[in-house]
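Source file: run.csv (CSV, C-alpha atoms and all ligand atoms)
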chain,number,residue,atom,x,y,z
N,1,MET,CA,160.9,178.6,-6.6
N,2,ALA,CA,158.8,181.7,-5.9
N,3,GLY,CA,158.3,184.2,-8.7
N,4,ASP,CA,160.8,184.9,-11.5
N,5,GLU,CA,163.8,185.1,-9.2
N,6,ARG,CA,165.9,182.7,-11.3
N,7,LYS,CA,165.9,185.1,-14.3
N,8,ARG,CA,166.9,188.2,-12.3
N,9,ALA,CA,170.3,189.8,-12.9
N,10,LYS,CA,169.9,192.2,-9.9
N,11,ARG,CA,168.3,191.9,-6.5
N,12,ARG,CA,164.9,193.4,-6.4
N,13,VAL,CA,164.1,196.2,-4.0
N,14,PHE,CA,160.7,197.5,-2.8
N,15,SER,CA,160.1,200.3,-0.4
N,16,GLY,CA,157.4,202.8,0.3
N,17,ILE,CA,156.9,206.2,1.8
N,18,GLN,CA,153.6,207.8,3.0
N,19,PRO,CA,152.5,211.2,1.7
N,20,SER,CA,151.1,211.8,5.2
N,21,GLY,CA,152.9,215.2,5.6
N,22,ASP,CA,155.9,217.0,4.4
N,23,VAL,CA,158.8,214.7,4.0
N,24,GLN,CA,161.3,215.1,6.9
N,25,LEU,CA,165.0,214.6,7.5
N,26,GLY,CA,164.4,211.1,9.1
N,27,ASN,CA,162.6,209.9,6.0
N,28,TYR,CA,165.5,211.1,3.9
N,29,LEU,CA,168.4,209.7,6.0
N,30,GLY,CA,166.6,206.5,7.0
N,31,ALA,CA,165.3,205.6,3.6
N,32,ILE,CA,165.5,207.9,0.5
N,33,LYS,CA,169.2,208.6,0.6
N,34,GLY,CA,170.0,204.9,0.6
N,35,TRP,CA,167.5,204.2,-2.2
N,36,VAL,CA,169.3,206.8,-4.4
N,37,GLU,CA,172.8,205.5,-3.5
N,38,ARG,CA,172.0,201.9,-4.3
N,39,GLN,CA,169.8,202.4,-7.3
N,40,ASP,CA,172.4,201.2,-9.9
N,41,ALA,CA,173.1,197.9,-8.1
N,42,LYS,CA,169.4,196.9,-7.8
N,43,GLU,CA,166.1,196.5,-9.6
N,44,ASN,CA,164.0,199.1,-7.9
N,45,TYR,CA,160.3,199.7,-7.0
N,46,PHE,CA,159.5,202.8,-4.9
N,47,CYS,CA,155.9,203.4,-4.0
N,48,ILE,CA,154.2,206.5,-2.7
N,49,VAL,CA,151.8,204.8,-0.3
N,50,ASP,CA,148.7,207.0,-0.3
N,51,LEU,CA,146.4,204.2,0.8
N,52,HIS,CA,148.6,203.9,3.9
N,53,ALA,CA,148.4,207.7,4.4
N,54,ILE,CA,144.5,207.6,4.6
N,55,THR,CA,144.7,205.2,7.6
N,56,THR,CA,144.9,208.4,9.6
N,57,PRO,CA,142.8,211.5,8.9
N,58,GLN,CA,144.0,213.6,6.0
N,59,LYS,CA,142.7,216.7,4.4
N,60,PRO,CA,141.9,215.7,0.7
N,61,GLU,CA,143.4,218.8,-0.9
N,62,GLU,CA,146.5,218.6,1.3
N,63,LEU,CA,146.9,214.9,0.6
N,64,ARG,CA,146.8,215.5,-3.2
N,65,ARG,CA,149.4,218.2,-2.8
N,66,GLN,CA,151.6,216.2,-0.5
N,67,THR,CA,151.5,213.2,-2.9
N,68,ARG,CA,152.7,215.1,-5.9
N,69,SER,CA,155.2,217.0,-3.8
N,70,LEU,CA,156.6,213.7,-2.4
N,71,ALA,CA,156.9,212.3,-5.9
N,72,ALA,CA,158.8,215.4,-7.0
N,73,MET,CA,161.1,215.1,-3.9
N,74,LEU,CA,161.9,211.4,-4.8
N,75,PHE,CA,163.0,212.5,-8.3
N,76,ALA,CA,164.7,215.6,-6.9
N,77,ALA,CA,166.7,213.5,-4.4
N,78,GLY,CA,168.1,211.6,-7.3
N,79,LEU,CA,165.9,208.6,-8.2
N,80,ASP,CA,166.3,208.1,-11.9
N,81,PRO,CA,163.1,207.0,-13.7
N,82,GLU,CA,165.4,204.9,-16.1
N,83,LYS,CA,166.6,202.9,-13.1
N,84,CYS,CA,163.6,203.0,-10.7
N,85,THR,CA,159.9,202.3,-11.0
N,86,VAL,CA,158.4,205.2,-9.0
N,87,PHE,CA,154.6,205.1,-8.7
N,88,ILE,CA,151.5,205.9,-6.5
N,89,GLN,CA,150.1,203.0,-4.7
N,90,SER,CA,146.4,203.8,-5.5
N,91,HIS,CA,147.2,203.8,-9.2
N,92,VAL,CA,148.0,200.0,-9.1
N,93,THR,CA,144.8,198.2,-7.9
N,94,ALA,CA,146.6,194.9,-7.2
N,95,HIS,CA,147.9,196.4,-3.9
N,96,ALA,CA,144.4,196.7,-2.4
N,97,GLU,CA,143.3,193.3,-3.8
N,98,GLY,CA,146.5,191.6,-2.6
N,99,CYS,CA,145.9,193.1,0.8
N,100,TRP,CA,142.4,191.5,1.0
N,101,ALA,CA,143.9,188.1,0.1
N,102,LEU,CA,146.5,188.4,2.8
N,103,ASN,CA,144.0,189.7,5.3
N,104,CYS,CA,142.4,186.3,5.0
N,105,VAL,CA,145.5,184.4,6.2
N,106,THR,CA,146.7,187.0,8.9
N,107,PRO,CA,145.6,186.5,12.5
N,108,VAL,CA,144.2,189.7,14.1
N,109,GLY,CA,146.4,189.1,17.1
N,110,TRP,CA,149.6,189.6,15.0
N,111,LEU,CA,148.3,193.1,14.0
N,112,GLU,CA,147.3,194.1,17.5
N,113,ARG,CA,150.8,193.5,18.7
N,114,MET,CA,152.4,196.0,16.3
N,115,THR,CA,154.2,198.9,18.1
N,116,GLN,CA,153.3,201.5,15.5
N,117,TYR,CA,149.6,200.6,15.8
N,118,LYS,CA,149.7,200.8,19.6
N,119,ASP,CA,151.5,204.1,19.4
N,120,LYS,CA,149.1,205.6,16.8
N,121,ILE,CA,145.9,204.5,18.6
N,122,SER,CA,147.1,206.2,21.8
N,123,ARG,CA,147.0,209.5,19.9
N,124,GLN,CA,143.5,209.0,18.3
N,125,GLU,CA,140.0,209.0,19.7
N,126,SER,CA,138.5,206.8,17.0
N,127,VAL,CA,140.6,204.2,15.3
N,128,ALA,CA,139.9,203.1,11.7
N,129,THR,CA,140.1,199.4,10.7
N,130,GLY,CA,142.6,200.5,8.1
N,131,LEU,CA,145.1,201.5,10.8
N,132,LEU,CA,145.0,198.0,12.2
N,133,ASP,CA,145.4,196.6,8.7
N,134,TYR,CA,148.2,198.9,7.7
N,135,PRO,CA,150.9,196.2,8.0
N,136,VAL,CA,148.9,193.8,5.8
N,137,LEU,CA,148.7,196.3,3.0
N,138,MET,CA,152.5,196.8,3.4
N,139,ALA,CA,153.0,193.1,3.2
N,140,ALA,CA,150.9,193.0,-0.1
N,141,ASP,CA,153.0,195.9,-1.4
N,142,ILE,CA,156.2,194.1,-0.9
N,143,LEU,CA,155.2,190.5,-1.6
N,144,LEU,CA,153.5,191.3,-4.9
N,145,TYR,CA,156.9,192.2,-6.3
N,146,ASP,CA,158.8,189.2,-5.0
N,147,ALA,CA,161.2,191.8,-3.4
N,148,ASP,CA,164.5,190.5,-2.1
N,149,GLU,CA,165.2,193.6,0.0
N,150,VAL,CA,163.1,196.2,1.8
N,151,PRO,CA,165.2,199.2,2.7
N,152,VAL,CA,163.6,201.0,5.7
N,153,GLY,CA,164.4,203.0,8.8
N,154,ASP,CA,164.5,201.1,12.1
N,155,ASP,CA,160.8,202.0,12.9
N,156,GLN,CA,159.6,199.8,10.1
N,157,ARG,CA,161.7,196.7,11.0
N,158,GLN,CA,158.7,195.1,12.9
N,159,HIS,CA,156.4,195.5,9.9
N,160,VAL,CA,158.9,193.8,7.6
N,161,GLU,CA,159.2,191.0,10.1
N,162,LEU,CA,155.4,190.6,10.0
N,163,THR,CA,155.6,190.6,6.2
N,164,ARG,CA,158.0,187.7,6.4
N,165,ASP,CA,155.6,185.8,8.8
N,166,ILE,CA,152.6,186.5,6.4
N,167,ALA,CA,154.6,185.2,3.4
N,168,GLN,CA,155.6,182.1,5.3
N,169,ARG,CA,152.1,181.4,6.4
N,170,PHE,CA,150.7,181.8,2.9
N,171,ASN,CA,153.4,179.6,1.5
N,172,HIS,CA,152.6,177.0,4.1
N,173,LEU,CA,148.8,177.1,3.5
N,174,TYR,CA,148.9,177.3,-0.3
N,175,GLY,CA,152.3,176.3,-1.5
N,176,ASP,CA,155.4,178.2,-2.4
N,177,THR,CA,154.1,181.5,-3.8
N,178,PHE,CA,156.0,184.4,-2.1
N,179,LYS,CA,159.6,185.3,-1.8
N,180,VAL,CA,160.4,185.9,1.9
N,181,PRO,CA,162.1,189.4,1.9
N,182,GLU,CA,164.7,190.9,4.1
N,183,ALA,CA,164.7,194.3,5.8
N,184,VAL,CA,167.8,196.4,5.0
N,185,ILE,CA,168.4,199.0,7.8
N,186,PRO,CA,171.0,201.7,7.1
N,187,GLU,CA,174.0,201.7,9.5
N,188,ALA,CA,173.7,205.5,9.9
N,189,GLY,CA,170.5,207.5,10.0
N,190,ALA,CA,168.2,204.5,10.8
N,191,ARG,CA,166.5,206.4,13.6
N,192,VAL,CA,166.6,210.2,13.5
N,193,MET,CA,165.1,211.6,16.7
N,194,GLY,CA,163.0,214.7,17.2
N,195,LEU,CA,165.1,217.9,17.7
N,196,ASP,CA,162.7,219.0,20.3
N,197,ASP,CA,162.7,215.7,22.1
N,198,PRO,CA,165.5,213.2,21.3
N,199,THR,CA,163.5,210.3,23.0
N,200,VAL,CA,160.9,210.4,20.2
N,201,LYS,CA,161.6,209.6,16.6
N,202,MET,CA,161.3,212.4,14.1
N,203,SER,CA,157.9,212.1,12.3
N,204,LYS,CA,156.0,213.9,9.6
N,205,SER,CA,152.9,213.7,11.8
N,206,TYR,CA,154.7,215.7,14.6
N,207,ALA,CA,156.1,218.3,12.1
N,208,HIS,CA,153.5,220.8,13.3
N,209,ILE,CA,155.2,220.9,16.7
N,210,ARG,CA,157.7,223.8,16.6
N,211,GLY,CA,161.3,222.6,16.5
N,212,HIS,CA,160.5,218.9,16.1
N,213,ALA,CA,161.4,218.1,12.5
N,214,VAL,CA,163.5,219.4,9.6
N,215,ASN,CA,161.3,219.5,6.5
N,216,LEU,CA,163.3,218.8,3.3
N,217,LEU,CA,161.9,222.0,1.8
N,218,ASP,CA,162.8,224.2,4.8
N,219,GLU,CA,164.8,227.3,3.9
N,220,PRO,CA,168.4,227.5,5.2
N,221,LYS,CA,167.4,230.1,7.8
N,222,GLU,CA,164.7,227.8,9.2
N,223,ILE,CA,167.0,224.8,9.3
N,224,GLU,CA,169.6,226.9,11.2
N,225,ARG,CA,166.9,227.9,13.7
N,226,SER,CA,165.7,224.3,14.2
N,227,PHE,CA,169.2,223.1,15.0
N,228,LYS,CA,169.9,226.1,17.2
N,229,ARG,CA,166.8,225.1,19.3
N,230,ALA,CA,167.7,221.4,19.4
N,231,VAL,CA,167.6,219.9,22.9
N,232,THR,CA,171.0,218.8,24.2
N,233,ASP,CA,172.2,218.5,27.8
N,234,SER,CA,174.0,220.7,30.3
N,235,GLY,CA,177.5,219.3,29.5
N,236,ASN,CA,179.9,220.0,26.7
N,237,ASP,CA,181.2,216.6,25.7
N,238,ILE,CA,180.8,215.9,22.0
N,239,ARG,CA,180.9,212.2,21.4
N,240,PHE,CA,178.6,209.3,20.6
N,241,SER,CA,177.0,207.8,23.7
N,242,ASP,CA,174.2,205.4,24.8
N,243,ASP,CA,173.6,207.5,27.9
N,244,PRO,CA,169.9,208.7,27.7
N,245,GLU,CA,171.2,212.1,29.1
N,246,LYS,CA,173.3,212.5,25.9
N,247,ALA,CA,170.5,211.5,23.5
N,248,GLY,CA,170.3,215.0,21.9
N,249,VAL,CA,174.0,215.2,21.2
N,250,ASN,CA,174.0,211.6,20.0
N,251,ASN,CA,171.2,212.4,17.6
N,252,LEU,CA,173.1,215.5,16.2
N,253,LEU,CA,176.2,213.4,15.6
N,254,GLY,CA,174.1,210.7,14.0
N,255,VAL,CA,172.6,213.2,11.5
N,256,TYR,CA,176.1,214.5,10.7
N,257,LYS,CA,177.5,211.0,10.3
N,258,ALA,CA,174.6,209.9,8.0
N,259,ILE,CA,175.1,213.0,5.8
N,260,THR,CA,178.9,212.9,5.6
N,261,GLY,CA,179.3,209.1,5.4
N,262,ARG,CA,182.2,209.3,7.9
N,263,SER,CA,182.9,206.8,10.6
N,264,ARG,CA,182.1,207.4,14.3
N,265,GLU,CA,185.8,208.1,15.0
N,266,GLU,CA,186.1,210.5,12.1
N,267,VAL,CA,183.0,212.4,13.2
N,268,GLU,CA,184.2,212.7,16.8
N,269,ALA,CA,187.6,213.8,15.5
N,270,ASP,CA,185.8,216.5,13.4
N,271,PHE,CA,184.4,218.0,16.5
N,272,ALA,CA,187.4,217.5,18.8
N,273,GLY,CA,188.2,221.3,18.6
N,274,ALA,CA,184.6,222.5,18.7
N,275,ARG,CA,183.6,225.3,21.1
N,276,GLY,CA,180.7,223.7,22.8
N,277,TYR,CA,177.3,222.6,21.6
N,278,GLY,CA,176.6,225.9,19.8
N,279,ASP,CA,179.4,225.0,17.4
N,280,LEU,CA,178.2,221.5,17.0
N,281,LYS,CA,174.6,222.6,16.1
N,282,ALA,CA,175.9,225.2,13.6
N,283,ARG,CA,178.1,222.7,11.8
N,284,VAL,CA,175.4,220.0,11.7
N,285,ALA,CA,172.9,222.6,10.4
N,286,GLU,CA,175.4,223.6,7.7
N,287,ALA,CA,175.9,220.0,6.6
N,288,VAL,CA,172.1,219.5,6.3
N,289,ILE,CA,171.6,222.8,4.5
N,290,GLU,CA,174.3,221.9,1.9
N,291,GLU,CA,172.9,218.4,1.4
N,292,LEU,CA,169.3,219.7,0.9
N,293,ARG,CA,170.0,222.8,-1.2
N,294,PRO,CA,170.1,221.0,-4.6
N,295,LEU,CA,167.1,218.9,-3.7
N,296,ARG,CA,165.0,222.0,-2.9
N,297,GLU,CA,166.0,223.6,-6.2
N,298,ARG,CA,165.2,220.5,-8.3
N,299,HIS,CA,161.9,220.0,-6.4
N,300,HIS,CA,160.9,223.5,-7.2
N,301,ARG,CA,161.5,222.9,-10.9
N,302,LEU,CA,159.5,219.7,-11.0
N,303,MET,CA,156.6,221.2,-9.1
N,304,ASN,CA,156.4,223.8,-11.9
N,305,ASP,CA,155.9,221.0,-14.5
N,306,VAL,CA,153.1,218.9,-13.0
N,307,GLY,CA,152.3,217.5,-16.5
N,308,GLU,CA,155.8,215.9,-16.7
N,309,LEU,CA,155.6,214.7,-13.1
N,310,ASP,CA,152.3,213.0,-13.8
N,311,ARG,CA,153.7,211.4,-16.9
N,312,LEU,CA,156.6,209.9,-15.0
N,313,LEU,CA,154.2,208.5,-12.4
N,314,ALA,CA,151.9,207.0,-15.1
N,315,VAL,CA,154.9,205.2,-16.6
N,316,GLY,CA,155.8,203.9,-13.2
N,317,ALA,CA,152.2,202.7,-12.5
N,318,GLU,CA,152.2,200.8,-15.8
N,319,GLN,CA,155.5,199.1,-15.1
N,320,ALA,CA,154.5,198.3,-11.5
N,321,GLY,CA,151.0,197.1,-12.6
N,322,ALA,CA,152.5,194.6,-15.1
N,323,VAL,CA,154.6,192.9,-12.3
N,324,SER,CA,152.0,193.0,-9.5
N,325,GLU,CA,149.0,192.0,-11.6
N,326,ASN,CA,150.8,188.9,-12.6
N,327,LYS,CA,151.7,188.0,-9.0
N,328,LEU,CA,148.1,188.7,-7.9
N,329,LYS,CA,146.8,186.2,-10.5
N,330,GLU,CA,149.1,183.6,-9.1
N,331,VAL,CA,147.8,184.3,-5.6
N,332,LYS,CA,144.2,184.1,-6.7
N,333,ARG,CA,144.9,180.8,-8.5
N,334,ARG,CA,146.5,179.4,-5.4
N,335,MET,CA,143.5,180.4,-3.3
N,336,GLY,CA,141.0,178.8,-5.7
N,337,LEU,CA,139.5,182.0,-7.2
N,338,VAL,CA,138.3,181.7,-10.8
N,339,ILE,CA,140.6,183.5,-13.2
N,340,PRO,CA,138.7,184.6,-16.4
N,341,GLY,CA,139.8,182.5,-19.4
N,342,GLU,CA,141.4,179.8,-17.2
N,343,GLN,CA,140.1,176.3,-16.4
B,401,LIG,N1,162.9,209.4,12.2
B,401,LIG,C1,163.2,208.5,11.3
B,401,LIG,N2,164.5,208.1,11.2
B,401,LIG,C2,164.9,207.2,10.2
B,401,LIG,N3,164.0,206.7,9.3
B,401,LIG,C3,162.7,207.1,9.4
B,401,LIG,N4,161.7,206.9,8.6
B,401,LIG,C4,160.6,207.5,9.1
B,401,LIG,N5,160.9,208.3,10.1
B,401,LIG,C5,162.3,208.0,10.3
B,401,LIG,C6,161.7,206.0,7.4
B,401,LIG,O1,161.1,206.7,6.3
B,401,LIG,C7,160.5,205.7,5.4
B,401,LIG,C8,159.2,206.2,5.0
B,401,LIG,O2,158.4,206.3,6.2
B,401,LIG,P1,156.8,206.3,6.0
B,401,LIG,O3,156.4,207.6,5.5
B,401,LIG,O4,156.3,205.2,5.2
B,401,LIG,O5,156.2,206.1,7.5
B,401,LIG,P2,156.8,206.4,8.9
B,401,LIG,O6,157.9,205.5,9.2
B,401,LIG,O7,155.6,206.3,9.8
B,401,LIG,O8,157.3,207.9,8.8
B,401,LIG,P3,156.8,209.2,9.6
B,401,LIG,O9,157.6,210.3,9.1
B,401,LIG,O10,156.9,208.9,11.1
B,401,LIG,O11,155.3,209.3,9.1
B,401,LIG,P4,154.0,209.4,9.9
B,401,LIG,O12,154.2,210.5,10.9
B,401,LIG,O13,152.9,209.7,8.9
B,401,LIG,O14,153.8,208.1,10.6
B,401,LIG,C9,160.5,204.4,6.2
B,401,LIG,O15,161.5,203.6,5.7
B,401,LIG,C10,160.8,204.8,7.6
B,401,LIG,O16,161.4,203.7,8.3
As structure tokens, how would this structure be written, given the file I've shared?
Ligand code: AQP
Amino acid sequence: MAGDERKRAKRRVFSGIQPSGDVQLGNYLGAIKGWVERQDAKENYFCIVDLHAITTPQKPEELRRQTRSLAAMLFAAGLDPEKCTVFIQSHVTAHAEGCWALNCVTPVGWLERMTQYKDKISRQESVATGLLDYPVLMAADILLYDADEVPVGDDQRQHVELTRDIAQRFNHLYGDTFKVPEAVIPEAGARVMGLDDPTVKMSKSYAHIRGHAVNLLDEPKEIERSFKRAVTDSGNDIRFSDDPEKAGVNNLLGVYKAITGRSREEVEADFAGARGYGDLKARVAEAVIEELRPLRERHHRLMNDVGELDRLLAVGAEQAGAVSENKLKEVKRRMGLVIPGEQ
């Protein structure tokens, strides 16, 4: 049996988030909110994946700021350091080493097929090797913890599938080593679309485009403005729909549903008496503002105590290092690398 799964009282969760920009509403509804809600029931590892962030160009000073700001946001959103191991990927060297080991069993063709890779290279003139290798580093992140579950938004489903393929291939080549994890996709909020273009998913890297994203640190007035500008259609029918023409309204209802936790029927009933899309936008904005208000305040307090923030991250790195180093040793042993002090 792979890893120490037999001894575990709770299912182990691993997930990551890139400090590649200011964290946006899709990251929150597709990932962070669910991490917080399920933290009591699971054994949790949450990683700020800075090594993933540098697969696309970053400004060093900005990256350092964004990394700490993201850490503060995870705690501000409600992750409890007593229940979750929260750490920075580059502080635990097993991740990069594990990636190298997995690189050596992963066919390049598997990586060239990844949708996110194809999408990102279409936006760049020069493509770094690290961008192609992004999903292998993600596989190392997950597999080094023998995670049972990987809670992610819909856009990361393909990478978790690839992680499963890599684990199975390694297990086939070297014997049962890795737990094969499952993706856990939220029922609501799995794919928040851009407010400026509801055919494109909301992304940190498009946040510079006016009206695209809601940044979790946006002031209430700014959030109101973003929703007011949100693209809808020329009708006035407020209901969930698969019709591409209604993608904007569908997205707004999806955001409201993810925040309130109500069913589709309840959400539609909430808007039954609404006076057109203006009303819809105002009420969705209000729900988002009230959800984010306490996060923004707690984030502000944490950013004013960077010493404490760094201390929490150091504790996380130590806990994560203990688990992942152990697994990495097992990987090296399996592959025939010499472990100091072992025969
Ligand atoms: N629009 C979204 N809707 C729902 N979930 C989303 N996630 C991202 N965008 C949406 C989920 O957020 C978690 C962290 O994502 P990430 O930072 O690791 O990378 P990403 O998926 O590439 O996110 P971005 O914001 O689009 O970043 P950039 O622009 O840097 O690539 C993941 O669970 C993801 O599914």
>> List the spatial neighbours of range 292-301 of chain N as a ChimeraX atom specification - criterion: any atom at most 10 Å away, all atoms listed in the file, same-chain residues fewer than 4 positions off excluded.
In response: /N:25,28,69-78,215-220,286-288,305-306
Proximity of range 229-311 of chain N to range 171-192 of chain N: per-residue shortest pair, 8 Å limit, only C-alpha atoms, as a tab-separated table:
residue	atom	partner	partner_atom	distance
N:Asn251	CA	N:Val192	CA	6.5
N:Gly254	CA	N:Gly189	CA	6.3
N:Val255	CA	N:Gly189	CA	6.3
N:Lys257	CA	N:Ala188	CA	6.7
N:Ala258	CA	N:Ala188	CA	4.9
Report as a Markdown table the residues of chain N within 7 Å of ligand LIG 401 (chain B), each with its shortest atom pair and distance in Å (one decimal), using all atoms listed in the file, ordered by chain and increasing residue number.
| residue | atom | partner | partner_atom | distance |
| --- | --- | --- | --- | --- |
| N:Gly16 | CA | B:LIG401 | O4 | 5.6 |
| N:Ile17 | CA | B:LIG401 | O4 | 3.6 |
| N:Gln18 | CA | B:LIG401 | O3 | 3.8 |
| N:Pro19 | CA | B:LIG401 | O3 | 6.5 |
| N:Ser20 | CA | B:LIG401 | O13 | 4.6 |
| N:Gly21 | CA | B:LIG401 | O13 | 6.4 |
| N:Val23 | CA | B:LIG401 | O9 | 6.8 |
| N:Gln24 | CA | B:LIG401 | O9 | 6.4 |
| N:Gly26 | CA | B:LIG401 | C1 | 3.6 |
| N:Asn27 | CA | B:LIG401 | O1 | 3.5 |
| N:Tyr28 | CA | B:LIG401 | O1 | 6.7 |
| N:Leu29 | CA | B:LIG401 | C2 | 6.0 |
| N:Gly30 | CA | B:LIG401 | N3 | 3.5 |
| N:Ala31 | CA | B:LIG401 | O15 | 4.8 |
| N:Ala53 | CA | B:LIG401 | O13 | 6.7 |
| N:Pro151 | CA | B:LIG401 | O15 | 6.5 |
| N:Val152 | CA | B:LIG401 | O15 | 3.3 |
| N:Gly153 | CA | B:LIG401 | O16 | 3.1 |
| N:Asp154 | CA | B:LIG401 | O16 | 5.6 |
| N:Asp155 | CA | B:LIG401 | O16 | 4.9 |
| N:Gln156 | CA | B:LIG401 | O16 | 4.7 |
| N:Gly189 | CA | B:LIG401 | C2 | 5.6 |
| N:Ala190 | CA | B:LIG401 | C2 | 4.3 |
| N:Arg191 | CA | B:LIG401 | N2 | 3.6 |
| N:Val192 | CA | B:LIG401 | N2 | 3.8 |
| N:Met193 | CA | B:LIG401 | N1 | 5.5 |
| N:Lys201 | CA | B:LIG401 | N1 | 4.6 |
| N:Met202 | CA | B:LIG401 | N1 | 3.9 |
| N:Ser203 | CA | B:LIG401 | O10 | 3.6 |
| N:Lys204 | CA | B:LIG401 | O9 | 4.0 |
| N:Ser205 | CA | B:LIG401 | O12 | 3.6 |
| N:Tyr206 | CA | B:LIG401 | O12 | 6.4 |
> Which of these, N:Lys83, N:Arg164, N:Arg262, N:His91, has the shortest distance to Lys42 in chain N once you count only C-alpha atoms?
Replying inline: N:Lys83
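Atom pair CA of Tyr145 in chain N / CA of Met335 in chain N: separated by 18.1 Å.
In this comparison, which uses all atoms listed in the file, the residue of N:Ala9, N:Asp22, N:Thr55, N:Ala94 approaching Ala213 in chain N most closely is N:Asp22.
Using only C-alpha atoms for every distance, the candidate list N:Asp141, N:Glu125, N:Asp133, N:Glu97 yields N:Asp141 as the residue closest to Ala167 in chain N.
Our summary of the geometry notes that CA of Gly194 in chain N is positioned 15.4 Å from CA of Glu222 in chain N.
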> Got a sec: who's within 12 Å of Gln39 in chain N, counting all atoms listed in the file, leaving out chain neighbours fewer than 2 positions off, as a ChimeraX atom specification?
Replying inline: /N:10-14,32-37,41-46,77-86,151
>> Which residues are close to range 106-123 of chain N, i.e. within 10 Å by all atoms listed in the file, leaving aside same-chain residues fewer than 3 positions away? Reply as a ChimeraX atom specification.
In response: /N:56,101-103,126-128,131-136,155-156,158-159,162-163,165-167,169-170
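Comparing the minimum interatomic distances between Ile289 in chain N and each of N:Thr93, N:Asp146, N:Phe87, N:Glu224, counting all atoms listed in the file, we find that N:Glu224 sits nearest.
For the choices N:Arg68, N:Arg157, N:Arg333, N:His212, the atom-to-atom distance to Ile88 in chain N is smallest for N:Arg68 when using all atoms listed in the file.
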